[in-house]
Amino acid sequence: MSRTSESRTSESRAAAESRTAENRTAVVPSDPSPTALPRTAVVPLQYAVAGTGGVGPAGAVGAIERVLLDGFDPEAAPARSAVPVPAGELLMMPAAAGPYAGVKIAGVAPANPEQGLPRITGSYLLLDGPTLQPLALLDGAALTALRTPAVTAAALRRLAVPEAEHLVLFGSGPQAYGHLDALLAVRPLRRLTVVARNADRAQALAVYGRELGLTAEVGGPRAVREADLVVCCTTARTPLFDGALVPAHAAVAAVGSHEPDAREVDELLVQRAELYVEARTVAGREAGDLLMAGVAGRQLWNLSELVRGDALVPDGRPRFFKSVGMAWQDLAVAAEVYRAAS
């Protein structure tokens with residue numbers, strides 16, 4: 001089914017802002033006519049994927065875990081490049097693993113939400129690994145909104161105590177919705193507390209949580225005192241709560257920043273917690289939550305070690321996972337979307 005450029009653009013924006021990954025789906029078979037794929041007709045793509053092809057949170061978590069269980073080493077993954085531009089930042093994120101390769105070109109535009117546009121924009125080009133021939137073009141914002149929560153869920157399903165049921169969620173944007181969906185796919189949550197600057201958006205997310213069957217309310221930073229899980233997905237550059245209040249049994253994840261001078265948690269939580277990252281190499285460059293707390297000499301377990309069961313997960317102290325986003329994660333989920341679409 002062919003679609004015009006205008007309708008595909010509209011669907012891409014809607015997909016990026018969608019509150020549930022399951023609804024992000026639109027697959028357009030390639031067509032040589034200019035009216036079918038005016039932005040991609042010069043590339044022999046098999047598919048242009050405006051959303052995430054029907055792949056939901058559980059499928060994305062599984063894709064992340066399979067790549068690691070198959071032996072992929074995140075420590076050896078290529079670094080992303082970041083270029084400052086007037087509107088914000090341009091990121092280029094290449095990766096290759098198994099039968100696929102790919103690259104995401106993403107824009108981070110802090111002023112976009114004020115105009116009703118997604119903060120993260122861009123596209124993902126999926127390639128055949130052996131030949132590097134283009135296979136599919138995916139909506140980069142929708143892909144990011146799906147893969148980031150999937151990474152967090154893959155970590156927290158192993159770091160949370162078995163009886164964990166209360167999630168304290170900082171943030172009220174697309175990532176907050178995505179994280180709630182992803183965590184519900186791997187954890188039997190019962191209670192949600194939303195902490196956000198915008199009261200209306202916080203209340204809307206609480207309503208969404210109630211629609212999913214949770215006891216949900218809006219709260220403040222001190223809600224972490226009663227948390228089993230704490231997830232921070234904000235644009236904050238300074239700590240969101242007092243790390244001394246986090247219970248010893250709780251698992252915490254921070255995903256909002258990839259800058260060495262920005263953080264969502266304080267040094268007290270970092271000092272108290274066992275520490276987990278996607279990869280030690282990238283955390284040493286970009287994880288401000290850890291770098292600003294001074295973790296030189298501390299053990300940092302990576303996500304591969306955690307997923308494979310090689311990482312220590314102690315009782316009696318918080319467990320903190322810091323995510324900055326890596327290109328191999330986009331590739332893992334993009335490949336899953338492509339397989340589902342084709």
# chains A, B, ... in the order shown; residues from 1 in each chain; ligands from 1
call {"tool": "residues_around", "arguments": {"residues": "A:Leu167", "least_positions_apart": "4", "cutoff": "12 Å", "atoms": "only C-alpha atoms", "output": "NGL selection string"}}
result
:A and (156 or 160 or 163 or 176 or 179-181 or 183-184 or 187-195 or 206 or 209 or 214-219 or 223-232 or 250-253)
call {"tool": "residues_around", "arguments": {"residues": "A:Ala254", "least_positions_apart": "4", "cutoff": "10 Å", "atoms": "only C-alpha atoms", "output": "list of chain:residue names"}}
result
A:Thr152, A:Phe170, A:Val230, A:Val231, A:Cys232, A:Cys233, A:Thr234, A:Arg263, A:Glu264, A:Val265, A:Ala287, A:Asp289, A:Phe320, A:Phe321, A:Lys322, A:Ser323, A:Val324
call {"tool": "write_last_selection", "arguments": {"atoms": "all heavy atoms", "output": "CSV table (one decimal), in the first residue's frame"}}
result
chain,number,residue,atom,x,y,z
A,152,THR,N,16.4,-0.9,29.7
A,152,THR,CA,16.2,-0.8,31.1
A,152,THR,C,15.4,-2.0,31.6
A,152,THR,O,15.8,-2.5,32.7
A,152,THR,CB,15.3,0.5,31.4
A,152,THR,OG1,16.0,1.6,30.9
A,152,THR,CG2,15.1,0.7,32.8
A,170,PHE,N,10.2,8.9,37.4
A,170,PHE,CA,10.4,10.3,37.2
A,170,PHE,C,10.4,10.6,35.7
A,170,PHE,O,11.1,10.1,34.9
A,170,PHE,CB,11.8,10.7,37.7
A,170,PHE,CG,11.9,10.7,39.2
A,170,PHE,CD1,12.1,9.6,39.9
A,170,PHE,CD2,11.8,11.9,39.9
A,170,PHE,CE1,12.1,9.6,41.3
A,170,PHE,CE2,11.9,12.0,41.3
A,170,PHE,CZ,12.1,10.8,42.0
A,230,VAL,N,12.9,2.4,40.9
A,230,VAL,CA,12.9,3.8,40.6
A,230,VAL,C,13.5,4.0,39.2
A,230,VAL,O,14.6,3.4,38.9
A,230,VAL,CB,13.8,4.6,41.6
A,230,VAL,CG1,13.8,6.1,41.2
A,230,VAL,CG2,13.3,4.4,43.0
A,231,VAL,N,12.8,4.6,38.3
A,231,VAL,CA,13.3,4.9,36.9
A,231,VAL,C,13.3,6.4,36.7
A,231,VAL,O,12.2,7.0,36.9
A,231,VAL,CB,12.4,4.1,35.9
A,231,VAL,CG1,12.9,4.5,34.5
A,231,VAL,CG2,12.6,2.6,36.1
A,232,CYS,N,14.4,6.9,36.2
A,232,CYS,CA,14.5,8.3,35.9
A,232,CYS,C,14.7,8.5,34.4
A,232,CYS,O,15.7,8.0,33.8
A,232,CYS,CB,15.7,8.9,36.6
A,232,CYS,SG,15.8,8.6,38.4
A,233,CYS,N,13.7,9.1,33.7
A,233,CYS,CA,13.9,9.4,32.3
A,233,CYS,C,13.4,10.8,32.0
A,233,CYS,O,12.4,11.1,31.5
A,233,CYS,CB,13.0,8.4,31.5
A,233,CYS,SG,11.4,7.9,32.1
A,234,THR,N,14.3,11.7,32.4
A,234,THR,CA,14.1,13.1,32.4
A,234,THR,C,15.2,13.9,31.7
A,234,THR,O,16.2,13.2,31.3
A,234,THR,CB,13.9,13.7,33.8
A,234,THR,OG1,15.2,13.8,34.4
A,234,THR,CG2,13.1,12.9,34.7
A,263,ARG,N,23.4,14.7,35.4
A,263,ARG,CA,23.0,13.5,36.1
A,263,ARG,C,21.6,13.6,36.7
A,263,ARG,O,21.1,14.7,36.9
A,263,ARG,CB,24.0,13.2,37.3
A,263,ARG,CG,24.2,14.4,38.3
A,263,ARG,CD,25.2,14.1,39.4
A,263,ARG,NE,25.4,15.2,40.2
A,263,ARG,CZ,26.2,15.2,41.3
A,263,ARG,NH1,26.7,14.0,41.7
A,263,ARG,NH2,26.4,16.2,42.1
A,264,GLU,N,21.0,12.5,37.0
A,264,GLU,CA,19.7,12.4,37.6
A,264,GLU,C,19.7,11.9,39.0
A,264,GLU,O,18.8,12.0,39.7
A,264,GLU,CB,18.8,11.5,36.7
A,264,GLU,CG,18.5,12.1,35.3
A,264,GLU,CD,17.7,11.1,34.5
A,264,GLU,OE1,18.3,10.1,34.1
A,264,GLU,OE2,16.5,11.3,34.2
A,265,VAL,N,20.8,11.2,39.4
A,265,VAL,CA,21.0,10.7,40.8
A,265,VAL,C,22.2,11.3,41.4
A,265,VAL,O,23.1,11.7,40.7
A,265,VAL,CB,21.0,9.2,40.8
A,265,VAL,CG1,19.8,8.6,40.1
A,265,VAL,CG2,22.3,8.7,40.3
A,287,ALA,N,28.7,8.7,31.1
A,287,ALA,CA,27.7,8.5,32.2
A,287,ALA,C,28.0,9.5,33.4
A,287,ALA,O,28.7,9.2,34.3
A,287,ALA,CB,27.8,7.1,32.8
A,289,ASP,N,26.1,10.5,35.7
A,289,ASP,CA,25.7,10.1,37.1
A,289,ASP,C,26.8,9.4,37.8
A,289,ASP,O,26.9,9.5,39.0
A,289,ASP,CB,24.5,9.1,36.9
A,289,ASP,CG,23.3,9.7,36.2
A,289,ASP,OD1,23.4,10.0,35.0
A,289,ASP,OD2,22.4,10.1,36.9
A,320,PHE,N,22.1,0.0,41.0
A,320,PHE,CA,21.9,1.1,40.2
A,320,PHE,C,22.4,0.8,38.7
A,320,PHE,O,23.5,0.5,38.5
A,320,PHE,CB,22.6,2.4,40.7
A,320,PHE,CG,22.6,3.6,39.8
A,320,PHE,CD1,21.4,4.1,39.3
A,320,PHE,CD2,23.7,4.2,39.4
A,320,PHE,CE1,21.3,5.2,38.5
A,320,PHE,CE2,23.7,5.3,38.6
A,320,PHE,CZ,22.5,5.8,38.2
A,321,PHE,N,21.5,1.0,37.8
A,321,PHE,CA,21.8,0.8,36.4
A,321,PHE,C,21.8,2.1,35.7
A,321,PHE,O,20.8,2.8,35.7
A,321,PHE,CB,20.8,-0.2,35.7
A,321,PHE,CG,21.0,-0.3,34.2
A,321,PHE,CD1,22.1,-0.9,33.7
A,321,PHE,CD2,20.0,0.2,33.3
A,321,PHE,CE1,22.3,-1.1,32.3
A,321,PHE,CE2,20.2,0.0,32.0
A,321,PHE,CZ,21.3,-0.6,31.5
A,322,LYS,N,22.9,2.5,35.0
A,322,LYS,CA,23.0,3.7,34.3
A,322,LYS,C,23.1,3.4,32.8
A,322,LYS,O,24.0,2.7,32.4
A,322,LYS,CB,24.2,4.5,34.8
A,322,LYS,CG,24.6,5.7,33.9
A,322,LYS,CD,23.4,6.7,33.8
A,322,LYS,CE,23.6,7.8,32.8
A,322,LYS,NZ,22.4,8.6,32.5
A,323,SER,N,22.2,4.0,32.0
A,323,SER,CA,22.1,3.8,30.6
A,323,SER,C,22.4,5.1,29.9
A,323,SER,O,21.8,6.1,30.3
A,323,SER,CB,20.8,3.2,30.2
A,323,SER,OG,20.6,3.2,28.8
A,324,VAL,N,23.2,5.1,28.8
A,324,VAL,CA,23.4,6.2,28.0
A,324,VAL,C,23.0,6.0,26.5
A,324,VAL,O,22.9,6.9,25.8
A,324,VAL,CB,24.9,6.7,28.0
A,324,VAL,CG1,25.3,7.1,29.4
A,324,VAL,CG2,25.8,5.6,27.5
call {"tool": "residues_around", "arguments": {"residues": "A:Leu125", "least_positions_apart": "5", "cutoff": "7 Å", "atoms": "only C-alpha atoms", "output": "MDAnalysis selection string"}}
result
chainID A and resid 102:104 134 136:138
call {"tool": "write_last_selection", "arguments": {"atoms": "N, CA, C and O atoms", "output": "PDB file, in the first residue's frame"}}
result
ATOM      1  N   GLY A 102      23.976  -1.423  10.573  1.00  0.00           N
ATOM      2  CA  GLY A 102      23.058  -0.297  10.471  1.00  0.00           C
ATOM      3  C   GLY A 102      23.622   0.952  11.096  1.00  0.00           C
ATOM      4  O   GLY A 102      24.668   0.924  11.752  1.00  0.00           O
ATOM      5  N   VAL A 103      22.929   2.052  10.872  1.00  0.00           N
ATOM      6  CA  VAL A 103      23.349   3.325  11.448  1.00  0.00           C
ATOM      7  C   VAL A 103      22.108   4.170  11.741  1.00  0.00           C
ATOM      8  O   VAL A 103      21.177   4.224  10.939  1.00  0.00           O
ATOM      9  N   LYS A 104      22.111   4.785  12.908  1.00  0.00           N
ATOM     10  CA  LYS A 104      21.056   5.731  13.253  1.00  0.00           C
ATOM     11  C   LYS A 104      21.633   7.135  13.198  1.00  0.00           C
ATOM     12  O   LYS A 104      22.697   7.396  13.748  1.00  0.00           O
ATOM     13  N   PRO A 134      21.269  -1.720   1.530  1.00  0.00           N
ATOM     14  CA  PRO A 134      20.169  -1.229   2.372  1.00  0.00           C
ATOM     15  C   PRO A 134      18.983  -2.183   2.352  1.00  0.00           C
ATOM     16  O   PRO A 134      18.587  -2.701   1.308  1.00  0.00           O
ATOM     17  N   ALA A 136      16.157  -1.580   5.018  1.00  0.00           N
ATOM     18  CA  ALA A 136      14.975  -0.897   5.526  1.00  0.00           C
ATOM     19  C   ALA A 136      15.356   0.448   6.111  1.00  0.00           C
ATOM     20  O   ALA A 136      16.468   0.631   6.614  1.00  0.00           O
ATOM     21  N   LEU A 137      14.406   1.365   6.031  1.00  0.00           N
ATOM     22  CA  LEU A 137      14.548   2.674   6.662  1.00  0.00           C
ATOM     23  C   LEU A 137      13.480   2.775   7.735  1.00  0.00           C
ATOM     24  O   LEU A 137      12.291   2.634   7.447  1.00  0.00           O
ATOM     25  N   LEU A 138      13.887   3.002   8.984  1.00  0.00           N
ATOM     26  CA  LEU A 138      12.969   3.025  10.110  1.00  0.00           C
ATOM     27  C   LEU A 138      12.874   4.419  10.707  1.00  0.00           C
ATOM     28  O   LEU A 138      13.819   5.208  10.621  1.00  0.00           O
TER      29      LEU A 138
END
call {"tool": "select_by_dssp", "arguments": {"residues": "stretch 49-287 of chain A", "states": "alpha helix (DSSP H)", "output": "number ranges by chain"}}
result
A: 57-69, 140-159, 174-186, 199-211, 267-272, 280-286
call {"tool": "select_by_dssp", "arguments": {"residues": "stretch 47-178 of chain A", "states": "strand (DSSP E)", "output": "VMD selection string"}}
result
chain A and resid 47 to 49 81 to 85 88 to 97 100 to 108 120 to 128 134 to 139 166 to 170
call {"tool": "residues_around", "arguments": {"residues": "A:Glu274", "least_positions_apart": "4", "cutoff": "10 Å", "atoms": "only C-alpha atoms", "output": "MDAnalysis selection string"}}
result
chainID A and resid 159 251 269:270 298:301 312:315 317:321
call {"tool": "residues_around", "arguments": {"residues": "A:Thr121", "least_positions_apart": "5", "cutoff": "7 Å", "atoms": "only C-alpha atoms", "output": "ChimeraX atom specification"}}
result
/A:106-108,140-141
call {"tool": "residues_around", "arguments": {"residues": "stretch 91-97 of chain A", "least_positions_apart": "2", "cutoff": "8 Å", "atoms": "only C-alpha atoms", "output": "list of chain:residue names"}}
result
A:Val67, A:Phe72, A:Ala77, A:Pro78, A:Ala79, A:Arg80, A:Ser81, A:Ala82, A:Val83, A:Glu89, A:Pro99, A:Tyr100, A:Ala101, A:Gly102, A:Val103, A:Lys104, A:Ile105, A:Ala106, A:Gly107, A:Val108, A:Gly129, A:Met326, A:Ala327, A:Trp328, A:Leu331
call {"tool": "residues_around", "arguments": {"residues": "A:Ala185", "least_positions_apart": "4", "cutoff": "12 Å", "atoms": "only C-alpha atoms", "output": "MDAnalysis selection string"}}
result
chainID A and resid 20:22 56:62 149:150 152:154 156:157 178:181 189 212
call {"tool": "closest_residue", "arguments": {"among": "A:Leu69, A:Val295, A:Ala202, A:Leu126", "to": "A:Asp139", "atoms": "only C-alpha atoms"}}
result
A:Leu126
call {"tool": "closest_atom_pairs", "arguments": {"of": "stretch 70-154 of chain A", "to": "stretch 304-310 of chain A", "cutoff": "10 Å", "atoms": "only C-alpha atoms", "output": "JSON lines"}}
result
{"residue": "A:Asp70", "atom": "CA", "partner": "A:Arg308", "partner_atom": "CA", "distance": 9.8}
{"residue": "A:Gly71", "atom": "CA", "partner": "A:Ser304", "partner_atom": "CA", "distance": 8.4}
{"residue": "A:Phe72", "atom": "CA", "partner": "A:Ser304", "partner_atom": "CA", "distance": 7.9}
{"residue": "A:Asp73", "atom": "CA", "partner": "A:Ser304", "partner_atom": "CA", "distance": 7.1}
{"residue": "A:Pro74", "atom": "CA", "partner": "A:Ser304", "partner_atom": "CA", "distance": 7.1}
{"residue": "A:Glu75", "atom": "CA", "partner": "A:Ser304", "partner_atom": "CA", "distance": 9.2}
{"residue": "A:Ala154", "atom": "CA", "partner": "A:Val307", "partner_atom": "CA", "distance": 7.4}
call {"tool": "atom_distance", "arguments": {"atom1": "atom CA of A:Gln115", "atom2": "atom CA of A:Asn198"}}
result
15.8 Å
call {"tool": "atom_distance", "arguments": {"atom1": "atom CA of A:Arg147", "atom2": "atom CA of A:Val277"}}
result
15.5 Å
call {"tool": "atom_distance", "arguments": {"atom1": "atom CA of A:Ala334", "atom2": "atom CA of A:Leu275"}}
result
28.0 Å
